[in-house]
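Working notes, beginning with the structure itself.
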Amino acid sequence: MQFKWLNSRLFFSTYLLLNSFSRLQVPQVVDELLLPAWAHQHSHPHSIKIPGDITLGGLFPVHAKGPSGLPCGEIKKEKGIHRMEAMLYALDQINSDPDLLPNITLGARILDTCSRDTYALEQSLTFVQALIQKDTSDIRCSNGEQPIIRKPERVVGVIGASASSVSIMVANVLRLFEIPQISYASTAPELSDNNRYDFFSRVVPPDSYQAQAMVDIVKALGWNYVSTLASEGNYGESGVDAFVQISREAGGLCIAQSMKIPRDPKPGEFDKIIKRLMETPNARGVIIFANEDDIKQVLEAARRANLTGHFKFVGSDSWGAKSSPILDHEDVAEGAVTILPKRASIEGFDQYFTSRSLENNRRNIWFAEFWEDDFRCKLTRPGIKLDPEKKKCTGNERIGRDSPYEQEGKVQFVIDAVYAMAHALHNMHQDLCPGAIGVCDKMDPVEGRLVLSYIRSVNFNGSAGTGVLFNENGDAPGRYDIFQYQMTNTSNPGYKVIGQWTNNLRLNVEEMQWSGGDRQIPDSVCSFPCRPGERKKMVKGVPCCWHCELCDGYQYQADEFACEMCPFDMRPTPNRTACRPTPIIKLEWHSPWAIIPVFLAILGIVATLSVVITFIRFNDTPIVRAAGRELSYVLLTGIFLIYLITFLMIAEPGPVVCAFRRLLLGLGMCITYSAMLTKTNRIYRIFEQGKKSVTPPKFISPTSQLAITFILISFQVLGVFIWFGVVPPHTIVDYEEQRPPNPELARGVLKCDMSDLSLICCLSYSIVLMVTCTVYAVKSRGVPETFNEAKPIGFTMYTTCIIWLAFVPIFFGTAQSTEKMFIQTTTLTVSMSLSASVSLGMLYMPKVYVIIFHPEQNVQKRKRSFKAVVQAATMSTRLSQKSNSDKQNGETKLEPDRMQ
């Protein structure tokens with residue numbers, strides 16, 4: 001017979017071993033000659049043979065792994081006996097069904113895998129012995145005749161195995177001999193590889209579907225940072241790998257820790273696992289693909305670490321809805337979400353299994369062992385003394401009555417796997433043997449690859465009423481129930497169905513509850529969501545972890561990861577998620593910064609008007625005439641405008657107000673100091689000219705003085721009008737002036753388009769006039785008091801200079817202040833009012849006082865000629881020189897001022 005090989009030394013050695021036995025000479029009929037010695041030891045005592053026209057193989061973990069040195073251990077009642085009996089039950093149902101494989105009986109050869117992949121591989125060689133061509137030509141009996149060799153049964157398909165690691169090992173052998181295999185419990189994703197496991201199919205969905213469902217559950221719970229825990233082996237490692245791969249492709253989910261539980265964990269191993277899980281305490285969600293024993297050990301270690309309720313487990317179908325993994329650790333497992341392929345309890349099997357007894361179930365060679373374990377009794381056997389500590393089995397015990405019974409979860413899938421094989425053979429029989437009764441020649445022998453094609457095309461309703469079918473990789477569709485283990489706030493503590501997954505998740509979050517009955521979903525995130533106004537600063541290499549940084553200053557949260565500056569005319573909202581317009585302010589009349597300048601200006605205007613009225617009323621009196629009526633009225637007008645500018649500086653800015661500000665800000669001072677400069681210059685020229693000759697200087701008449709004054713004023717007016725033409729007056733909103741670090745205090749200032757520089761330029765000409773006037777006042781300090789107003793003007797200019805020297809540091813020193821507008825406006829207006837008040841008080845208040853209160857002094861004095869003025873000036877100069885000379889000689893003489 002021709003068959004395929006996998007270039008494996010194991011399989012090639014097996015072939016040589018099997019053929020070596022075909023050349024042995026035996027004296028009697030050889031029964032299953034080709035079985036090796038270990039097969040004689042284990043296959044017959046540890047296998048069930050059910051006769052039939054077509055034989056199916058069966059692989060079940062009837063026993064657990066044995067201790068060191070032994071292949072098998074204690075019996076497994078649910079995963080072993082329940083599942084194996086499910087196959088026997090399905091065979092009985094099929095063989096009694098007149099519509100399914102009529103006139104054809106299905107038989108079976110059922111083997112025990114002992115939950116160990118290497119042992120299962122040895123056992124599975126039983127299924128292929130009939131396919132190996134044997135040479136018996138040199139085998140003779142003792143009488144020289146050829147022996148009668150019973151042909152071993154030909155297995156057309158295998159049901160099993162249970163564990164993924166066992167199925168992988170067995171599948172490698174069965175595919176060599178083209179024997180189809182249908183598993184009822186193996187879910188490892190790698191078995192979906194149709195190139196390596198092309199003869200493997202399964203009625204349970206692969207863990208890749210389960211992993212997808214678990215990813216969907218984690219996301220539905222709002223978790224993005226979880227740890228994974230896997231039992232070492234194909235099932236655990238493949239399941240976690242699938243979960244990690246799917247989560248990586250889906251995005252938004254990070255793995256904090258990924259750990260394996262060794263096959264043979266050392267003492268303290270589980271405590272180390274819990275300790276390592278706590279290195280990332282925010283990852284409270286733990287995805288666990290592990291066997292029942294490992295799950296129980298993990299829960300026990302969590303309790304020892306006093307972490308009851310901290311971890312929230314999401315368990316695979318190996319946990320499912322089983323009570324054994326959480327026994328005595330229910331409080332630690334509370335809230336655990338588990339997944340299980342959608343299944344139903346098969347009522348017919350319950351009736352079948354609970355009716356089994358030692359008398360009616362002799363075909364199950366392990367049933368007696370199950371009976372002893374289930375009823376905790378001991379059967380008597382010849383030559384074996386009964387243990388006095390154990391009761392004797394009577395044989396009248398009944399399953400479910402005298403012992404607890406619950407149908408094992410995979411029973412449905414075992415039945416569906418057997419029925420899938422039966423439907424494939426039925427369809428094949430109808431196509432190859434139409435109308436034939438029993439197996440026809442075309443089906444003897446049955447070609448494995450053809451059977452496989454019929455298996456992949458079956459589609460029928462299984463034992464639970466759900467469809468049984470396979471995709472191109474031999475996988476069943478993914479259908480899962482989602483459970484949660486709940487203890488409190490429920491009348492029935494235990495596993496509760498909270499959702500389903502069939503290509504997409506349907507989860508009833510409102511029915512979930514966690515430790516202590518809390519219905520708030522616990523967090524399992526690396527970093528909590530940032531508050532409004534905070535941006536995420538990602539941690540390099542961990543996309544689910546970030547630091548939250550506040551958008552400070554005038555920044556707002558543009559998106560999840562970026563802060564941006566608000567436009568210059570806006571500021572961020574209190575939660576910094578958007579920008580809002582910055583409030584616009586101006587100097588209000590009721591502000592303290594305005595009340596003081598306005599009060600001073602009003603006093604000054606009243607005083608100025610009083611002087612003007614007094615001068616007008618006493619216009620022809622000697623004092624008024626001596627003061628220079630024409631220039632005095634000009635000077636008083638300038639003083640009045642200086643006071644008036646205060647109101648313009650405080651008034652709400654607008655084009656008209658801004659225009660008058662430009663015009664009057666420098667004009668009042670220009671008028672005032674132009675008049676003073678003209679006066680001091682006239683006095684200085686008169687007395688300087690008198691020292692040289694008796695001829696009076698030019699341009700000292702009132703008309704000339706007015707002309708000079710207006711010429712000086714015209715320069716200021718011309719400059720302002722040029723400014724009007726170049727930049728028409730308008731208002732602006734200055735958002736930089738009041739922009740403190742705290743944006744809540746930010747304000748836009750409504751002002752005229754006058755910068756600090758333009759303001760200084762506007763006043764600069766007046767300052768030049770003021771300084772020049774001060775220079776002439778200094779030069780004219782020697783003029784007698786009886787001659788005009790030289791000394792009062794000098795004192796006025798000295799005081800004014802002091803005021804404006806104080807103004808400069810205050811004005812420019814507050815440029816960075818948030819109160820800049822208020823301080824500078826108040827400083828400017830107060831300084832101007834003070835300078836005007838000094839001029840008014842020193843030049844005109846004494847005259848008004850004499851006019852009002854001492855009219856007797858307001859009389860005409862002897863008119864002096866220019867020559868007399870010159871003589872007086874010469875005499876004053878000589879007296880001054882003589883006084884200085886006397887001081888140098890150590891003598892000081894006081895002489896009366898003859899000019900009085």
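Here, A, B, ... name the chains of the structure tokens in the order displayed, residue numbers run from 1 inside each chain, and ligands are numbered from 1 in the same displayed order.
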Self-check item: Picked from range 42-159 of chain A by DSSP as strand (DSSP E), as an MDAnalysis selection string
Solution: chainID A and resid 47:50 54:60 63:65 72:75 106:112 155:159
Excluding range 115-123 of chain A and any residue of its chain fewer than 4 positions from it, enumerate the residues within 6 Å of it, using only C-alpha atoms, and give them as a PDB file with all heavy atoms, in the first residue's frame.
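The result, written out as selection.pdb:
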```pdb
ATOM      1  N   PRO A  61      -9.646  11.117  27.348  1.00  0.00           N
ATOM      2  CA  PRO A  61      -8.772  11.140  28.535  1.00  0.00           C
ATOM      3  C   PRO A  61      -9.465  10.458  29.712  1.00  0.00           C
ATOM      4  O   PRO A  61      -9.865  11.126  30.685  1.00  0.00           O
ATOM      5  CB  PRO A  61      -8.569  12.636  28.772  1.00  0.00           C
ATOM      6  CG  PRO A  61      -9.829  13.252  28.282  1.00  0.00           C
ATOM      7  CD  PRO A  61     -10.292  12.433  27.123  1.00  0.00           C
ATOM      8  N   ALA A  64      -6.226  10.527  34.183  1.00  0.00           N
ATOM      9  CA  ALA A  64      -5.343  11.692  34.249  1.00  0.00           C
ATOM     10  C   ALA A  64      -3.906  11.235  34.019  1.00  0.00           C
ATOM     11  O   ALA A  64      -3.620  10.040  33.910  1.00  0.00           O
ATOM     12  CB  ALA A  64      -5.473  12.371  35.604  1.00  0.00           C
ATOM     13  N   LYS A  65      -3.012  12.223  33.932  1.00  0.00           N
ATOM     14  CA  LYS A  65      -1.598  11.884  33.809  1.00  0.00           C
ATOM     15  C   LYS A  65      -1.148  11.111  35.033  1.00  0.00           C
ATOM     16  O   LYS A  65      -1.535  11.419  36.170  1.00  0.00           O
ATOM     17  CB  LYS A  65      -0.749  13.157  33.691  1.00  0.00           C
ATOM     18  CG  LYS A  65      -0.944  13.943  32.418  1.00  0.00           C
ATOM     19  CD  LYS A  65      -0.065  15.179  32.442  1.00  0.00           C
ATOM     20  CE  LYS A  65      -0.288  16.030  31.199  1.00  0.00           C
ATOM     21  NZ  LYS A  65       0.541  17.249  31.218  1.00  0.00           N
ATOM     22  N   VAL A 166      -2.673  16.771  22.599  1.00  0.00           N
ATOM     23  CA  VAL A 166      -2.857  15.382  22.184  1.00  0.00           C
ATOM     24  C   VAL A 166      -3.323  15.326  20.738  1.00  0.00           C
ATOM     25  O   VAL A 166      -2.821  14.527  19.928  1.00  0.00           O
ATOM     26  CB  VAL A 166      -3.860  14.677  23.115  1.00  0.00           C
ATOM     27  CG1 VAL A 166      -4.153  13.259  22.618  1.00  0.00           C
ATOM     28  CG2 VAL A 166      -3.329  14.646  24.543  1.00  0.00           C
ATOM     29  N   VAL A 170      -1.473  13.382  17.626  1.00  0.00           N
ATOM     30  CA  VAL A 170      -2.160  12.299  16.913  1.00  0.00           C
ATOM     31  C   VAL A 170      -2.412  12.683  15.463  1.00  0.00           C
ATOM     32  O   VAL A 170      -2.294  11.847  14.551  1.00  0.00           O
ATOM     33  CB  VAL A 170      -3.473  11.962  17.635  1.00  0.00           C
ATOM     34  CG1 VAL A 170      -4.313  10.989  16.810  1.00  0.00           C
ATOM     35  CG2 VAL A 170      -3.184  11.377  19.007  1.00  0.00           C
TER      36      VAL A 170
END
```
Quiz prompt | Using only C-alpha atoms: which of A:Ile645, A:Val771, A:Ile760, A:Leu100 has the shortest distance to Met797 in chain A | solution =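 Of the candidates, the smallest distance to Met797 in chain A is held by A:Val771.
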Practice problem: Kindly indicate which residue among A:Val720, A:Ile616, A:Val314, A:Leu70 lies nearest to Leu667 in chain A, using only C-alpha atoms for the distances. | Solution: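 For Leu667 in chain A, the nearest of the candidates is A:Val720.
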Quiz item: Near Leu834 in chain A, counting only C-alpha atoms, which residues have an atom at most 8 Å away, once you skip same-chain residues fewer than 4 positions from it, shown as a PyMOL selection string?
Solution: chain A and resi 803+830+838
Quiz prompt | Residues near range 524-531 of chain A, cut-off 6 Å, only C-alpha atoms, skip fewer than 3 positions along chain, as a ChimeraX atom specification | solution = /A:223-225,282-285,534,545-546,548
What would the file look like if the residues just selected were written as a PDB file, in the first residue's frame with N, CA and C atoms?
```
ATOM      1  N   TRP A 223     -11.787  48.226  29.331  1.00  0.00           N
ATOM      2  CA  TRP A 223     -10.414  47.966  29.756  1.00  0.00           C
ATOM      3  C   TRP A 223      -9.466  48.112  28.565  1.00  0.00           C
ATOM      4  N   ASN A 224      -8.281  48.621  28.841  1.00  0.00           N
ATOM      5  CA  ASN A 224      -7.274  48.704  27.778  1.00  0.00           C
ATOM      6  C   ASN A 224      -5.884  48.267  28.245  1.00  0.00           C
ATOM      7  N   TYR A 225      -5.830  47.723  29.458  1.00  0.00           N
ATOM      8  CA  TYR A 225      -4.531  47.335  30.028  1.00  0.00           C
ATOM      9  C   TYR A 225      -4.758  46.074  30.848  1.00  0.00           C
ATOM     10  N   ASN A 282      -2.411  48.487  38.028  1.00  0.00           N
ATOM     11  CA  ASN A 282      -3.553  49.033  37.283  1.00  0.00           C
ATOM     12  C   ASN A 282      -4.151  48.018  36.323  1.00  0.00           C
ATOM     13  N   ALA A 283      -3.366  47.009  35.962  1.00  0.00           N
ATOM     14  CA  ALA A 283      -3.878  45.964  35.065  1.00  0.00           C
ATOM     15  C   ALA A 283      -4.629  44.935  35.910  1.00  0.00           C
ATOM     16  N   ARG A 284      -5.824  45.283  36.317  1.00  0.00           N
ATOM     17  CA  ARG A 284      -6.603  44.387  37.183  1.00  0.00           C
ATOM     18  C   ARG A 284      -7.232  43.249  36.389  1.00  0.00           C
ATOM     19  N   GLY A 285      -7.448  43.459  35.110  1.00  0.00           N
ATOM     20  CA  GLY A 285      -7.997  42.400  34.275  1.00  0.00           C
ATOM     21  C   GLY A 285      -6.926  41.377  33.918  1.00  0.00           C
ATOM     22  N   GLU A 534      -6.667  68.823  29.600  1.00  0.00           N
ATOM     23  CA  GLU A 534      -5.375  68.150  29.716  1.00  0.00           C
ATOM     24  C   GLU A 534      -5.116  67.326  28.468  1.00  0.00           C
ATOM     25  N   CYS A 545      -0.606  53.787  27.694  1.00  0.00           N
ATOM     26  CA  CYS A 545      -0.150  54.515  28.879  1.00  0.00           C
ATOM     27  C   CYS A 545       0.239  55.932  28.479  1.00  0.00           C
ATOM     28  N   TRP A 546      -0.117  56.853  29.327  1.00  0.00           N
ATOM     29  CA  TRP A 546       0.204  58.255  29.045  1.00  0.00           C
ATOM     30  C   TRP A 546       0.240  59.033  30.358  1.00  0.00           C
ATOM     31  N   CYS A 548      -0.884  62.864  31.874  1.00  0.00           N
ATOM     32  CA  CYS A 548      -1.778  63.978  31.564  1.00  0.00           C
ATOM     33  C   CYS A 548      -1.059  65.289  31.882  1.00  0.00           C
TER      34      CYS A 548
END
```
Self-check item: Selection near Pro574 in chain A, 12 Å with only C-alpha atoms, sequence-local residues under 3 positions removed, as a PyMOL selection string
Solution: chain A and resi 532-533+551-557+571+577-580+742-745
Go ahead and save the residues from that selection, with C-alpha atoms, as a short mmCIF file (atom, residue, chain, number, x, y, z; two decimals), in the first residue's frame.
```cif
data_model
loop_
_atom_site.label_atom_id
_atom_site.label_comp_id
_atom_site.auth_asym_id
_atom_site.auth_seq_id
_atom_site.Cartn_x
_atom_site.Cartn_y
_atom_site.Cartn_z
CA PRO A 532 -10.89 68.40 30.29
CA GLY A 533 -8.11 70.78 29.40
CA CYS A 551 -2.78 73.04 28.87
CA ASP A 552 -1.34 76.04 30.68
CA GLY A 553 -1.30 79.73 30.04
CA TYR A 554 -3.46 80.70 27.09
CA GLN A 555 -3.53 77.20 25.62
CA TYR A 556 -6.63 75.13 25.09
CA GLN A 557 -7.07 71.43 24.38
CA ARG A 571 -8.67 83.24 26.10
CA THR A 577 -11.54 72.82 26.02
CA ALA A 578 -12.19 75.84 23.79
CA CYS A 579 -11.51 79.55 23.48
CA ARG A 580 -13.81 82.44 24.32
CA ASN A 742 -3.74 83.78 34.65
CA PRO A 743 -6.02 83.99 31.59
CA GLU A 744 -9.05 84.53 33.80
CA LEU A 745 -7.67 88.01 34.48
#
```
Practice problem: Tell me which protein, DNA and RNA residues are within 8 Å of Ala420 in chain A, counting only C-alpha atoms, leaving out same-chain ones fewer than 2 positions away, and put them as a list of chain:residue names. | Solution: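 These residues fall inside the cut-off: A:Asp416, A:Ala417, A:Val418, A:Ala422, A:His423, A:Ala424, A:Ile455, A:Val458, A:Val468.
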Selected residues written out with C-alpha atoms, as an mmCIF file, in the first residue's frame:
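So the final result, stored in part_32.cif, reads:
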```
data_model
loop_
_atom_site.group_PDB
_atom_site.id
_atom_site.type_symbol
_atom_site.label_atom_id
_atom_site.label_comp_id
_atom_site.auth_asym_id
_atom_site.auth_seq_id
_atom_site.Cartn_x
_atom_site.Cartn_y
_atom_site.Cartn_z
ATOM 1 C CA ASP A 416 -22.093 16.037 17.286
ATOM 2 C CA ALA A 417 -18.642 14.763 16.252
ATOM 3 C CA VAL A 418 -19.929 11.174 15.972
ATOM 4 C CA ALA A 422 -22.028 9.320 10.417
ATOM 5 C CA HIS A 423 -23.612 11.953 8.130
ATOM 6 C CA ALA A 424 -20.441 12.064 6.037
ATOM 7 C CA ILE A 455 -17.021 15.542 6.349
ATOM 8 C CA VAL A 458 -21.908 18.136 6.095
ATOM 9 C CA VAL A 468 -23.076 21.544 12.618
#
```
Quiz item: Near range 428-442 of chain A, within 10 Å and counting only C-alpha atoms, which residues show up once chain neighbours fewer than 6 positions away are dropped, as a PyMOL selection string?
Solution: chain A and resi 53-54+101-105+422+450-451+453-455
Practice problem: Can you work out the spacing between CA of Ile168 in chain A and CA of Asn194 in chain A in Å, to one decimal? | Solution: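 If I compute the distance from CA of Ile168 in chain A to CA of Asn194 in chain A, I get 12.4 Å.
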Quiz item: What is the CA of Leu106 in chain A-CA of Ser186 in chain A distance in Å, reported with one decimal?
Solution: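 Interatomic distance here is 23.7 Å.
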